[in-house]
file model_2.tsv (TSV, C-alpha atoms and all ligand atoms)
chain	number	residue	atom	x	y	z
F	1	MET	CA	26.81	23.98	9.28
F	2	ASN	CA	30.09	25.80	8.77
F	3	GLU	CA	29.86	29.24	10.39
F	4	TRP	CA	30.88	30.96	7.10
F	5	PHE	CA	27.83	29.59	5.36
F	6	ARG	CA	25.48	30.61	8.17
F	7	GLN	CA	26.79	34.15	8.16
F	8	LEU	CA	26.79	34.41	4.37
F	9	SER	CA	23.12	33.39	4.31
F	10	ASN	CA	22.07	35.73	7.11
F	11	LEU	CA	23.75	38.95	5.95
F	12	PRO	CA	21.52	41.43	4.10
F	13	GLY	CA	22.67	42.49	0.62
F	14	ILE	CA	20.45	43.21	-2.37
F	15	PRO	CA	21.89	44.33	-5.75
F	16	GLY	CA	23.87	47.53	-5.30
F	17	HIS	CA	23.83	47.12	-1.50
F	18	GLU	CA	26.30	44.28	-0.96
F	19	LYS	CA	28.62	46.18	1.42
F	20	LYS	CA	28.06	44.01	4.51
F	21	VAL	CA	28.58	40.79	2.56
F	22	ALA	CA	31.69	42.21	0.88
F	23	ALA	CA	33.17	43.25	4.24
F	24	PHE	CA	32.61	39.77	5.67
F	25	ILE	CA	34.15	38.05	2.64
F	26	LYS	CA	37.17	40.36	2.61
F	27	LYS	CA	37.81	39.60	6.27
F	28	VAL	CA	37.65	35.84	5.75
F	29	VAL	CA	39.52	35.66	2.45
F	30	THR	CA	42.41	38.07	3.10
F	31	PRO	CA	44.63	35.63	5.07
F	32	MET	CA	44.18	32.90	2.42
F	33	VAL	CA	45.28	34.75	-0.73
F	34	ASP	CA	48.00	37.06	-2.08
F	35	HIS	CA	45.83	40.03	-2.93
F	36	VAL	CA	42.29	41.31	-2.35
F	37	ASP	CA	40.81	44.12	-4.38
F	38	GLN	CA	37.40	45.54	-5.36
F	39	ASP	CA	36.20	46.93	-8.67
F	40	GLN	CA	34.30	50.21	-8.93
F	41	LEU	CA	30.88	48.52	-8.58
F	42	GLY	CA	31.98	46.66	-5.44
F	43	SER	CA	32.76	43.10	-6.53
F	44	VAL	CA	35.44	41.57	-4.30
F	45	ILE	CA	38.36	40.08	-6.24
F	46	ALA	CA	40.67	37.68	-4.38
F	47	THR	CA	43.83	36.49	-6.12
F	48	LYS	CA	45.98	33.48	-5.31
F	49	LYS	CA	49.09	33.66	-7.50
F	50	GLY	CA	50.13	30.64	-9.52
F	51	THR	CA	53.45	29.76	-11.12
F	52	THR	CA	52.43	30.88	-14.65
F	53	ASP	CA	50.55	33.80	-16.19
F	54	VAL	CA	47.45	31.69	-16.90
F	55	THR	CA	44.45	33.08	-15.02
F	56	ILE	CA	41.38	31.08	-14.06
F	57	MET	CA	38.46	33.12	-12.76
F	58	LEU	CA	35.88	31.76	-10.35
F	59	SER	CA	32.71	33.77	-9.92
F	60	ALA	CA	29.84	33.70	-7.43
F	61	HIS	CA	27.46	36.58	-6.78
F	62	MET	CA	27.04	38.24	-3.40
F	63	ASP	CA	23.69	39.92	-4.06
F	64	GLU	CA	20.34	38.41	-3.10
F	65	VAL	CA	16.87	39.34	-4.30
F	66	GLY	CA	15.11	41.88	-2.10
F	67	PHE	CA	13.39	45.25	-2.19
F	68	LEU	CA	13.87	48.98	-1.85
F	69	ILE	CA	11.31	51.02	0.07
F	70	SER	CA	9.44	53.00	-2.57
F	71	SER	CA	6.95	54.97	-0.45
F	72	ILE	CA	5.76	55.46	3.09
F	73	GLU	CA	2.01	55.90	3.45
F	74	ALA	CA	0.20	58.25	5.83
F	75	SER	CA	-1.20	55.10	7.52
F	76	GLY	CA	2.32	53.99	8.51
F	77	MET	CA	2.40	51.14	5.98
F	78	VAL	CA	5.45	50.89	3.72
F	79	ARG	CA	5.50	49.99	0.00
F	80	MET	CA	8.34	48.15	-1.66
F	81	GLN	CA	9.90	47.91	-5.12
F	82	PRO	CA	11.28	44.43	-5.91
F	83	VAL	CA	14.97	44.30	-6.87
F	84	GLY	CA	15.36	40.93	-8.56
F	85	GLY	CA	12.72	38.26	-9.18
F	86	TRP	CA	9.99	37.68	-6.60
F	87	TRP	CA	6.94	35.44	-6.73
F	88	GLY	CA	3.97	36.88	-4.81
F	89	HIS	CA	3.16	33.41	-3.41
F	90	VAL	CA	6.26	33.32	-1.20
F	91	MET	CA	5.90	36.80	0.28
F	92	LEU	CA	2.65	37.14	2.22
F	93	ALA	CA	2.80	36.98	6.02
F	94	GLN	CA	6.58	36.59	5.93
F	95	VAL	CA	8.94	38.57	8.14
F	96	PHE	CA	11.30	40.95	6.36
F	97	LEU	CA	14.05	43.20	7.64
F	98	ILE	CA	14.53	46.86	6.73
F	99	THR	CA	18.14	48.07	6.96
F	100	THR	CA	18.15	51.83	7.52
F	101	ARG	CA	20.81	54.28	6.31
F	102	SER	CA	22.49	54.14	9.72
F	103	GLY	CA	22.56	50.33	9.64
F	104	LYS	CA	19.76	49.78	12.15
F	105	THR	CA	17.37	46.93	11.35
F	106	VAL	CA	13.58	47.02	11.71
F	107	GLU	CA	11.26	44.02	11.31
F	108	GLY	CA	8.16	44.10	9.17
F	109	ILE	CA	5.49	41.67	7.98
F	110	VAL	CA	4.19	41.61	4.41
F	111	GLY	CA	0.46	42.13	4.32
F	112	SER	CA	-2.35	42.56	1.82
F	113	LYS	CA	-6.10	42.99	1.83
F	114	PRO	CA	-7.56	39.99	3.75
F	115	PRO	CA	-9.04	37.18	1.60
F	116	HIS	CA	-12.33	37.09	3.52
F	117	GLY	CA	-15.16	38.29	1.38
F	118	MET	CA	-13.12	38.37	-1.84
F	119	PRO	CA	-14.70	36.68	-4.88
F	120	ALA	CA	-13.03	33.28	-5.54
F	121	GLU	CA	-11.36	34.37	-8.77
F	122	VAL	CA	-9.60	37.21	-6.93
F	123	ARG	CA	-8.77	35.13	-3.84
F	124	ASN	CA	-7.20	32.34	-5.89
F	125	ARG	CA	-4.93	34.58	-7.96
F	126	VAL	CA	-1.37	35.45	-6.96
F	127	ILE	CA	-1.58	38.86	-5.38
F	128	ASP	CA	0.32	41.52	-7.25
F	129	ILE	CA	3.36	42.72	-5.29
F	130	LYS	CA	2.29	46.31	-5.79
F	131	ASP	CA	-0.86	45.50	-3.78
F	132	MET	CA	1.23	44.29	-0.83
F	133	PHE	CA	2.73	46.40	1.92
F	134	LEU	CA	5.15	46.07	4.78
F	135	ASP	CA	3.58	46.38	8.22
F	136	ILE	CA	6.10	47.55	10.81
F	137	GLY	CA	3.60	48.30	13.50
F	138	CYS	CA	3.52	52.05	12.94
F	139	ALA	CA	0.29	54.08	12.95
F	140	SER	CA	1.56	57.05	10.93
F	141	LYS	CA	4.20	58.20	8.48
F	142	GLU	CA	5.79	60.23	11.27
F	143	ASP	CA	6.21	57.07	13.37
F	144	VAL	CA	7.98	55.36	10.45
F	145	LEU	CA	10.32	58.29	9.87
F	146	ALA	CA	11.06	58.43	13.60
F	147	LEU	CA	12.51	54.89	13.32
F	148	GLY	CA	15.06	56.24	10.82
F	149	ILE	CA	13.35	54.54	7.88
F	150	GLN	CA	13.58	56.36	4.55
F	151	ILE	CA	12.59	55.78	0.95
F	152	GLY	CA	15.40	53.78	-0.69
F	153	ASP	CA	16.21	51.63	2.34
F	154	MET	CA	16.96	47.96	1.62
F	155	VAL	CA	14.51	45.19	2.58
F	156	THR	CA	15.56	41.54	2.83
F	157	PRO	CA	14.00	38.30	4.13
F	158	LYS	CA	14.55	37.62	7.82
F	159	MET	CA	15.77	34.08	8.38
F	160	ASP	CA	18.43	32.39	10.50
F	161	ALA	CA	20.19	29.73	8.42
F	162	ARG	CA	20.18	26.27	9.99
F	163	ARG	CA	20.16	22.54	9.35
F	164	LEU	CA	16.72	21.16	8.50
F	165	ASN	CA	15.99	18.62	11.24
F	166	ASP	CA	18.76	15.97	11.26
F	167	SER	CA	19.11	15.94	7.49
F	168	LYS	CA	21.98	17.03	5.29
F	169	LEU	CA	19.82	19.86	4.00
F	170	LEU	CA	20.73	23.42	4.91
F	171	LEU	CA	17.86	25.89	5.14
F	172	GLY	CA	18.40	29.59	4.63
F	173	LYS	CA	17.67	32.70	2.63
F	174	ALA	CA	20.03	33.94	-0.10
F	175	TRP	CA	21.62	30.56	-0.90
F	176	ASP	CA	21.33	32.05	-4.38
F	177	ASP	CA	24.24	32.67	-4.55
F	178	ARG	CA	25.86	32.99	-1.14
F	179	VAL	CA	26.23	29.21	-0.98
F	180	CYS	CA	28.66	29.46	-3.90
F	181	CYS	CA	30.43	32.41	-2.24
F	182	GLY	CA	31.01	29.90	0.57
F	183	VAL	CA	32.24	27.32	-1.96
F	184	GLN	CA	34.80	29.82	-3.27
F	185	LEU	CA	36.04	30.53	0.26
F	186	GLU	CA	36.35	26.81	0.92
F	187	VAL	CA	38.26	26.26	-2.37
F	188	LEU	CA	40.73	29.04	-1.50
F	189	LYS	CA	41.12	27.65	2.02
F	190	ARG	CA	42.02	24.19	0.67
F	191	LEU	CA	44.52	25.69	-1.79
F	192	GLU	CA	46.02	28.06	0.80
F	193	LYS	CA	49.24	26.14	1.45
F	194	LYS	CA	49.56	24.63	-2.04
F	195	THR	CA	51.53	25.72	-5.09
F	196	ILE	CA	49.43	25.57	-8.23
F	197	VAL	CA	50.02	26.46	-11.88
F	198	PRO	CA	47.28	28.99	-12.70
F	199	ASN	CA	46.52	32.27	-10.95
F	200	VAL	CA	43.20	31.63	-9.26
F	201	VAL	CA	41.09	34.75	-9.07
F	202	ALA	CA	37.82	34.42	-7.18
F	203	ALA	CA	35.31	37.15	-7.91
F	204	PHE	CA	32.48	37.70	-5.44
F	205	THR	CA	30.30	39.72	-7.75
F	206	VAL	CA	27.60	42.35	-7.28
F	207	GLN	CA	24.30	42.94	-9.08
F	208	GLU	CA	23.89	39.53	-10.73
F	209	GLU	CA	20.18	39.33	-10.05
F	210	ILE	CA	19.39	42.39	-12.15
F	211	GLY	CA	21.52	41.56	-15.17
F	212	LEU	CA	24.98	40.13	-14.42
F	213	ARG	CA	26.42	43.60	-13.99
F	214	GLY	CA	29.26	42.83	-11.56
F	215	ALA	CA	30.35	39.92	-13.75
F	216	LYS	CA	30.90	42.33	-16.61
F	217	THR	CA	33.09	44.78	-14.69
F	218	SER	CA	35.00	42.23	-12.62
F	219	SER	CA	35.87	40.05	-15.63
F	220	TYR	CA	37.09	43.17	-17.45
F	221	LYS	CA	39.40	43.84	-14.51
F	222	ILE	CA	40.54	40.22	-14.15
F	223	GLN	CA	41.04	39.44	-17.88
F	224	PRO	CA	40.75	35.66	-17.36
F	225	ASP	CA	41.84	32.93	-19.77
F	226	ILE	CA	39.25	30.51	-18.37
F	227	ALA	CA	36.23	31.08	-16.14
F	228	LEU	CA	33.98	28.93	-13.99
F	229	ALA	CA	30.79	30.66	-12.83
F	230	LEU	CA	29.23	29.05	-9.76
F	231	ASP	CA	25.53	29.43	-9.09
F	232	VAL	CA	22.48	27.60	-7.86
F	233	THR	CA	20.08	25.88	-10.23
F	234	MET	CA	16.60	24.46	-9.89
F	235	SER	CA	16.53	21.16	-8.05
F	236	ASN	CA	13.99	19.20	-10.08
F	237	ASP	CA	13.36	16.50	-7.48
F	238	MET	CA	9.90	17.34	-6.31
F	239	PRO	CA	6.38	16.09	-6.96
F	240	GLY	CA	4.95	17.34	-10.22
F	241	VAL	CA	8.26	18.06	-11.94
F	242	PRO	CA	8.58	15.63	-14.86
F	243	LYS	CA	12.34	15.04	-15.00
F	244	ALA	CA	14.67	14.94	-12.00
F	245	ASP	CA	17.93	15.67	-13.82
F	246	THR	CA	19.21	17.86	-11.02
F	247	ALA	CA	18.46	16.82	-7.45
F	248	LEU	CA	19.60	17.54	-3.92
F	249	GLY	CA	22.31	15.05	-2.96
F	250	LYS	CA	23.06	13.98	-6.54
F	251	GLY	CA	26.19	16.12	-6.68
F	252	VAL	CA	27.35	19.15	-8.60
F	253	ALA	CA	25.59	19.89	-11.90
F	254	LEU	CA	27.60	20.65	-15.06
F	255	SER	CA	25.61	23.31	-16.88
F	256	LEU	CA	25.32	22.62	-20.60
F	257	MET	CA	23.43	25.81	-21.37
F	258	ASP	CA	21.15	28.47	-19.99
F	259	ALA	CA	19.54	31.53	-21.56
F	260	THR	CA	22.82	33.48	-21.56
F	261	VAL	CA	25.64	31.02	-22.30
F	262	ILE	CA	26.48	27.69	-23.92
F	263	ALA	CA	29.19	25.83	-22.02
F	264	HIS	CA	32.53	25.77	-23.83
F	265	ARG	CA	32.62	22.15	-24.99
F	266	GLY	CA	36.34	21.63	-24.39
F	267	LEU	CA	36.11	23.00	-20.85
F	268	LEU	CA	33.01	20.93	-20.14
F	269	ASP	CA	34.83	17.78	-21.29
F	270	ALA	CA	37.92	18.64	-19.21
F	271	VAL	CA	35.89	19.28	-16.05
F	272	GLU	CA	33.81	16.14	-16.56
F	273	LYS	CA	37.00	14.07	-16.96
F	274	VAL	CA	38.22	15.33	-13.58
F	275	ALA	CA	34.86	14.47	-11.97
F	276	ILE	CA	34.99	10.91	-13.33
F	277	GLN	CA	38.60	10.37	-12.36
F	278	GLU	CA	38.08	11.73	-8.82
F	279	LYS	CA	34.75	9.86	-8.44
F	280	ILE	CA	32.88	13.09	-7.71
F	281	LYS	CA	29.10	12.82	-8.09
F	282	TYR	CA	27.68	15.01	-10.87
F	283	THR	CA	24.70	15.51	-13.15
F	284	TYR	CA	24.02	17.75	-16.14
F	285	ASP	CA	21.97	20.89	-15.97
F	286	MET	CA	20.09	22.67	-18.73
F	287	MET	CA	18.05	25.80	-18.06
F	288	VAL	CA	16.05	27.55	-20.72
F	289	VAL	CA	15.38	30.61	-18.61
F	290	GLY	CA	17.75	32.63	-16.48
F	291	GLY	CA	21.49	32.91	-16.55
F	292	THR	CA	24.58	33.23	-14.42
F	293	ASP	CA	27.68	35.43	-14.34
F	294	ALA	CA	29.02	33.23	-17.17
F	295	GLY	CA	26.61	35.04	-19.52
F	296	GLU	CA	28.75	38.18	-19.31
F	297	ILE	CA	32.17	36.73	-18.57
F	298	HIS	CA	32.37	34.67	-21.78
F	299	LYS	CA	31.78	37.81	-23.88
F	300	GLN	CA	34.77	39.67	-22.43
F	301	ARG	CA	37.47	40.71	-25.00
F	302	ASP	CA	37.37	38.29	-27.94
F	303	GLY	CA	35.78	35.58	-25.79
F	304	VAL	CA	36.65	33.71	-22.60
F	305	ILE	CA	36.54	29.91	-22.25
F	306	THR	CA	33.68	29.63	-19.78
F	307	MET	CA	31.10	27.33	-18.21
F	308	THR	CA	28.82	27.29	-15.17
F	309	LEU	CA	28.94	24.77	-12.35
F	310	SER	CA	25.55	24.60	-10.67
F	311	LEU	CA	24.43	23.67	-7.20
F	312	PRO	CA	20.89	22.27	-6.98
F	313	CYS	CA	18.65	24.36	-4.74
F	314	ARG	CA	14.97	24.14	-3.83
F	315	TYR	CA	12.78	27.22	-3.34
F	316	PHE	CA	15.34	29.89	-4.12
F	317	HIS	CA	14.24	33.56	-4.13
F	318	SER	CA	12.39	32.95	-0.88
F	319	HIS	CA	13.06	32.91	2.88
F	320	THR	CA	13.57	29.18	2.98
F	321	SER	CA	15.76	27.79	0.23
F	322	LEU	CA	17.37	24.37	0.67
F	323	VAL	CA	20.76	23.06	-0.43
F	324	HIS	CA	22.48	19.73	0.31
F	325	GLU	CA	25.85	19.68	2.07
F	326	ASP	CA	27.12	16.74	-0.02
F	327	ASP	CA	26.57	18.82	-3.18
F	328	ILE	CA	28.57	21.67	-1.67
F	329	GLU	CA	31.40	19.25	-0.93
F	330	ALA	CA	31.21	17.78	-4.47
F	331	MET	CA	31.46	21.26	-5.99
F	332	VAL	CA	34.44	22.21	-3.80
F	333	GLN	CA	36.26	18.94	-4.56
F	334	LEU	CA	35.70	19.25	-8.31
F	335	ILE	CA	37.04	22.81	-8.49
F	336	VAL	CA	40.04	22.07	-6.26
F	337	ALA	CA	40.93	18.97	-8.32
F	338	TYR	CA	40.55	20.83	-11.62
F	339	LEU	CA	42.78	23.68	-10.45
F	340	GLU	CA	45.42	21.36	-8.94
F	341	GLN	CA	45.67	19.28	-12.11
F	342	PHE	CA	45.76	22.26	-14.45
F	343	LYS	CA	48.76	22.43	-16.80
F	344	PRO	CA	49.82	25.54	-18.78
F	345	GLU	CA	49.27	23.87	-22.16
F	346	HIS	CA	45.59	23.35	-21.30
F	347	VAL	CA	44.67	26.89	-22.38
F	348	ALA	CA	45.88	26.37	-25.95
F	349	GLN	CA	44.31	22.88	-26.03
F	350	LEU	CA	40.96	24.25	-24.85
F	351	ALA	CA	41.07	27.12	-27.35
F	352	ALA	CA	41.86	24.71	-30.18
F	353	SER	CA	39.09	22.31	-29.12
F	354	LYS	CA	36.62	24.89	-30.42
F	355	PHE	CA	37.92	24.71	-33.95
F	356	GLU	CA	39.49	21.31	-34.62
F	357	ASP	CA	37.63	18.17	-35.57
F	401	ZN	ZN	22.13	33.26	-8.76

call {"tool": "encode", "arguments": {"input": "model_2.tsv", "output": "structure tokens", "more": "lines below"}}
Ligand SMILES: [Zn+2]
result
Amino acid sequence: MNEWFRQLSNLPGIPGHEKKVAAFIKKVVTPMVDHVDQDQLGSVIATKKGTTDVTIMLSAHMDEVGFLISSIEASGMVRMQPVGGWWGHVMLAQVFLITTRSGKTVEGIVGSKPPHGMPAEVRNRVIDIKDMFLDIGCASKEDVLALGIQIGDMVTPKMDARRLNDSKLLLGKAWDDRVCCGVQLEVLKRLEKKTIVPNVVAAFTVQEEIGLRGAKTSSYKIQPDIALALDVTMSNDMPGVPKADTALGKGVALSLMDATVIAHRGLLDAVEKVAIQEKIKYTYDMMVVGGTDAGEIHKQRDGVITMTLSLPCRYFHSHTSLVHEDDIEAMVQLIVAYLEQFKPEHVAQLAASKFED
């Protein structure tokens, strides 16, 4: 696995606490582009200048789902407030990492009341997150405070990203959406020495998981003509899921709609044409719940021509999500080809495609 991807997965960064991820991305991206900036919420904005004033925005979010410490009990156990979506099933007996104000990290294990002796109907239910606690091996509140831990500290899954056995599957936390942050870095790397028509502005956004907040502020700052949001989507290739439209290894998924955006039809057609011509593997994606940065970006000004490109992912919002390296490559190739082939007249053509028969 490329070292960028490993580091992107491993770094802690929940919504509003993306500083370490932002610092890493700024360091990597600065030599590849003309300008790097941040908006007031912290989204990193990397600009590669083109030969025209057309601006195409790419967007991938830096934040991952996690927790903030909400209370420290007299017993030394710590309670947590979820920040982003968590499913109780994937939390128990997992190792998490507290990052203190000074940047020190402390390991903890998520515990609950033991199942022994519980009535079946209680034992078989998903345990409510508010009934779970983080066990850091302390016997009193004083012991916890002595470690430098305070209410409001960030908690993230502890996992070292790696290849799963000898497969092409990459295992890690936070692939949602750090894998697409990696895709954006790879796209900029491949364009580094090339002259292209549009300005390419890659936004590494904050606070997506709690309502696409960084997408709103960064797209205001960027004022794009066209936008491609990049995010993971459910990989439907597992037992019990009726329709495997998206699957690991089947390529990049062109998102038709989710709960926050309908793909701009002209842009969808243009991107699909590039995929066919370049023989890049792709599927369609349709999600009835959830959204991506595109949900905010397309509502900027009087509307931005926008769609989402999705990367299939299994088990996201857990310690052990899986992505396929061929899908990453397909996504990179599709974006690079689209940007390289872009002509200035495409903006007017895309805008008109909304209204003409
Ligand atoms: Zn996401």

call {"tool": "atom_distance", "arguments": {"input": "model_2.tsv", "atom1": "CA of Thr205 (chain F)", "atom2": "CA of Val288 (chain F)"}}
result
22.8 Å

call {"tool": "residues_near_ligand", "arguments": {"input": "model_2.tsv", "ligand": "ligand ZN 401 (chain F)", "cutoff": "6 Å", "atoms": "only C-alpha atoms and all ligand atoms", "output": "PyMOL selection string"}}
result
chain F and resi 176-177+231-232

call {"tool": "closest_residue", "arguments": {"input": "model_2.tsv", "among": "F:Phe342, F:Phe133, F:Trp86, F:Phe5", "to": "Tyr315 (chain F)", "atoms": "all atoms listed in the file"}}
result
F:Trp86

call {"tool": "closest_residue", "arguments": {"input": "model_2.tsv", "among": "F:Arg101, F:Arg79, F:Lys221, F:Arg162", "to": "Val44 (chain F)", "atoms": "only C-alpha atoms"}}
result
F:Lys221

call {"tool": "residues_around", "arguments": {"input": "model_2.tsv", "residues": "region 326-335 of chain F", "least_positions_apart": "5", "cutoff": "7 Å", "atoms": "all atoms listed in the file", "output": "list in words"}}
result
Val183, Glu186, Val187, Gly249, Lys250, Gly251, Val252, Ala275, Ile280, Lys281 and Leu311 of chain F

call {"tool": "write_last_selection", "arguments": {"input": "model_2.tsv", "atoms": "C-alpha atoms", "output": "PDB file, keeping the file's coordinate frame"}}
result
ATOM      1  CA  VAL F 183      32.240  27.320  -1.960  1.00  0.00           C
ATOM      2  CA  GLU F 186      36.350  26.810   0.920  1.00  0.00           C
ATOM      3  CA  VAL F 187      38.260  26.260  -2.370  1.00  0.00           C
ATOM      4  CA  GLY F 249      22.310  15.050  -2.960  1.00  0.00           C
ATOM      5  CA  LYS F 250      23.060  13.980  -6.540  1.00  0.00           C
ATOM      6  CA  GLY F 251      26.190  16.120  -6.680  1.00  0.00           C
ATOM      7  CA  VAL F 252      27.350  19.150  -8.600  1.00  0.00           C
ATOM      8  CA  ALA F 275      34.860  14.470 -11.970  1.00  0.00           C
ATOM      9  CA  ILE F 280      32.880  13.090  -7.710  1.00  0.00           C
ATOM     10  CA  LYS F 281      29.100  12.820  -8.090  1.00  0.00           C
ATOM     11  CA  LEU F 311      24.430  23.670  -7.200  1.00  0.00           C
TER      12      LEU F 311
END

call {"tool": "closest_residue", "arguments": {"input": "model_2.tsv", "among": "F:Val122, F:Met287, F:Ile14, F:Ala161", "to": "Val65 (chain F)", "atoms": "only C-alpha atoms"}}
result
F:Ile14

call {"tool": "atom_distance", "arguments": {"input": "model_2.tsv", "atom1": "CA of Leu164 (chain F)", "atom2": "CA of Arg6 (chain F)"}}
result
12.9 Å

call {"tool": "residues_near_point", "arguments": {"input": "model_2.tsv", "point": "(11.1, 42.1, 10.4)", "cutoff": "10 Å", "atoms": "all atoms listed in the file", "output": "list in words"}}
result
Gln94, Val95, Phe96, Leu97, Ile98, Thr99, Thr105, Val106, Glu107, Gly108, Ile109, Val110, Leu134, Asp135, Ile136, Val155, Thr156, Pro157, Lys158 and Met159 of chain F

call {"tool": "axis_aligned_box", "arguments": {"input": "model_2.tsv", "around": "region 81-96 of chain F", "padding_each_side": "4 Å", "output": "JSON"}}
result
{"center_x": 9.0, "center_y": 40.6, "center_z": -0.5, "size_x": 20.7, "size_y": 22.6, "size_z": 25.3}

call {"tool": "residues_near_point", "arguments": {"input": "model_2.tsv", "point": "(27.3, 24.5, -19.9)", "cutoff": "8 Å", "atoms": "all atoms listed in the file", "output": "list in words"}}
result
Leu254, Ser255, Leu256, Met257, Asp258, Val261, Ile262, Ala263, His264, Arg265, Leu268, Asp285, Met286, Met307, Thr308 and Leu309 of chain F

call {"tool": "residues_around", "arguments": {"input": "model_2.tsv", "residues": "His35 (chain F)", "least_positions_apart": "3", "cutoff": "8 Å", "atoms": "all atoms listed in the file", "output": "VMD selection string"}}
result
chain F and resid 30 46 to 48

call {"tool": "residues_around", "arguments": {"input": "model_2.tsv", "residues": "Cys181 (chain F)", "least_positions_apart": "4", "cutoff": "9 Å", "atoms": "all atoms listed in the file", "output": "JSON, numbers by chain"}}
result
{"F": [5, 8, 25, 59, 60, 61, 62, 177, 185, 186, 203, 204, 230, 231]}

call {"tool": "write_last_selection", "arguments": {"input": "model_2.tsv", "atoms": "C-alpha atoms", "output": "CSV table (one decimal), keeping the file's coordinate frame"}}
result
chain,number,residue,atom,x,y,z
F,5,PHE,CA,27.8,29.6,5.4
F,8,LEU,CA,26.8,34.4,4.4
F,25,ILE,CA,34.2,38.0,2.6
F,59,SER,CA,32.7,33.8,-9.9
F,60,ALA,CA,29.8,33.7,-7.4
F,61,HIS,CA,27.5,36.6,-6.8
F,62,MET,CA,27.0,38.2,-3.4
F,177,ASP,CA,24.2,32.7,-4.6
F,185,LEU,CA,36.0,30.5,0.3
F,186,GLU,CA,36.4,26.8,0.9
F,203,ALA,CA,35.3,37.2,-7.9
F,204,PHE,CA,32.5,37.7,-5.4
F,230,LEU,CA,29.2,29.0,-9.8
F,231,ASP,CA,25.5,29.4,-9.1

call {"tool": "residues_around", "arguments": {"input": "model_2.tsv", "residues": "Arg163 (chain F)", "least_positions_apart": "5", "cutoff": "12 Å", "atoms": "all atoms listed in the file", "output": "list in words"}}
result
Met1, Asn2, Glu3, Phe5, Arg6, Lys168, Leu169, Leu170, Leu171, Gly172, Thr320, Ser321, Leu322, Val323, His324 and Glu325 of chain F

call {"tool": "decode", "arguments": {"input": "model_2.tsv", "residues": "region 49-93 of chain F", "atoms": "C-alpha atoms", "output": "mmCIF file, in the first residue's frame"}}
result
data_model
loop_
_atom_site.group_PDB
_atom_site.id
_atom_site.type_symbol
_atom_site.label_atom_id
_atom_site.label_comp_id
_atom_site.auth_asym_id
_atom_site.auth_seq_id
_atom_site.Cartn_x
_atom_site.Cartn_y
_atom_site.Cartn_z
ATOM 1 C CA LYS F 49 -3.661 26.615 -12.238
ATOM 2 C CA GLY F 50 -4.968 25.895 -15.708
ATOM 3 C CA THR F 51 -4.761 27.917 -18.909
ATOM 4 C CA THR F 52 -8.318 29.323 -18.638
ATOM 5 C CA ASP F 53 -10.536 30.739 -15.894
ATOM 6 C CA VAL F 54 -12.699 27.598 -15.741
ATOM 7 C CA THR F 55 -12.500 26.030 -12.278
ATOM 8 C CA ILE F 56 -13.188 22.384 -11.518
ATOM 9 C CA MET F 57 -13.433 21.524 -7.834
ATOM 10 C CA LEU F 58 -12.610 18.101 -6.438
ATOM 11 C CA SER F 59 -13.748 17.378 -2.912
ATOM 12 C CA ALA F 60 -12.970 14.651 -0.372
ATOM 13 C CA HIS F 61 -13.520 14.944 3.362
ATOM 14 C CA MET F 62 -10.743 14.620 5.927
ATOM 15 C CA ASP F 63 -12.922 13.946 8.967
ATOM 16 C CA GLU F 64 -13.747 10.465 10.255
ATOM 17 C CA VAL F 65 -16.469 9.387 12.660
ATOM 18 C CA GLY F 66 -15.363 9.275 16.287
ATOM 19 C CA PHE F 67 -16.229 10.576 19.730
ATOM 20 C CA LEU F 68 -15.632 13.347 22.225
ATOM 21 C CA ILE F 69 -15.173 12.484 25.891
ATOM 22 C CA SER F 70 -18.355 13.648 27.591
ATOM 23 C CA SER F 71 -17.693 12.711 31.229
ATOM 24 C CA ILE F 72 -15.168 11.043 33.485
ATOM 25 C CA GLU F 73 -16.677 8.889 36.210
ATOM 26 C CA ALA F 74 -15.442 8.545 39.792
ATOM 27 C CA SER F 75 -14.697 4.874 38.946
ATOM 28 C CA GLY F 76 -12.131 5.934 36.319
ATOM 29 C CA MET F 77 -14.344 4.911 33.391
ATOM 30 C CA VAL F 78 -14.838 7.442 30.596
ATOM 31 C CA ARG F 79 -18.083 8.182 28.695
ATOM 32 C CA MET F 80 -18.180 9.267 25.084
ATOM 33 C CA GLN F 81 -20.442 11.315 22.813
ATOM 34 C CA PRO F 82 -20.516 10.032 19.205
ATOM 35 C CA VAL F 83 -19.555 12.579 16.537
ATOM 36 C CA GLY F 84 -20.894 11.086 13.321
ATOM 37 C CA GLY F 85 -22.765 7.810 12.825
ATOM 38 C CA TRP F 86 -21.848 4.773 14.931
ATOM 39 C CA TRP F 87 -23.482 1.373 15.150
ATOM 40 C CA GLY F 88 -23.232 -0.156 18.635
ATOM 41 C CA HIS F 89 -22.458 -3.585 17.110
ATOM 42 C CA VAL F 90 -19.016 -2.517 15.871
ATOM 43 C CA MET F 91 -17.845 -0.840 19.072
ATOM 44 C CA LEU F 92 -17.729 -3.329 21.949
ATOM 45 C CA ALA F 93 -14.342 -4.709 22.993
#
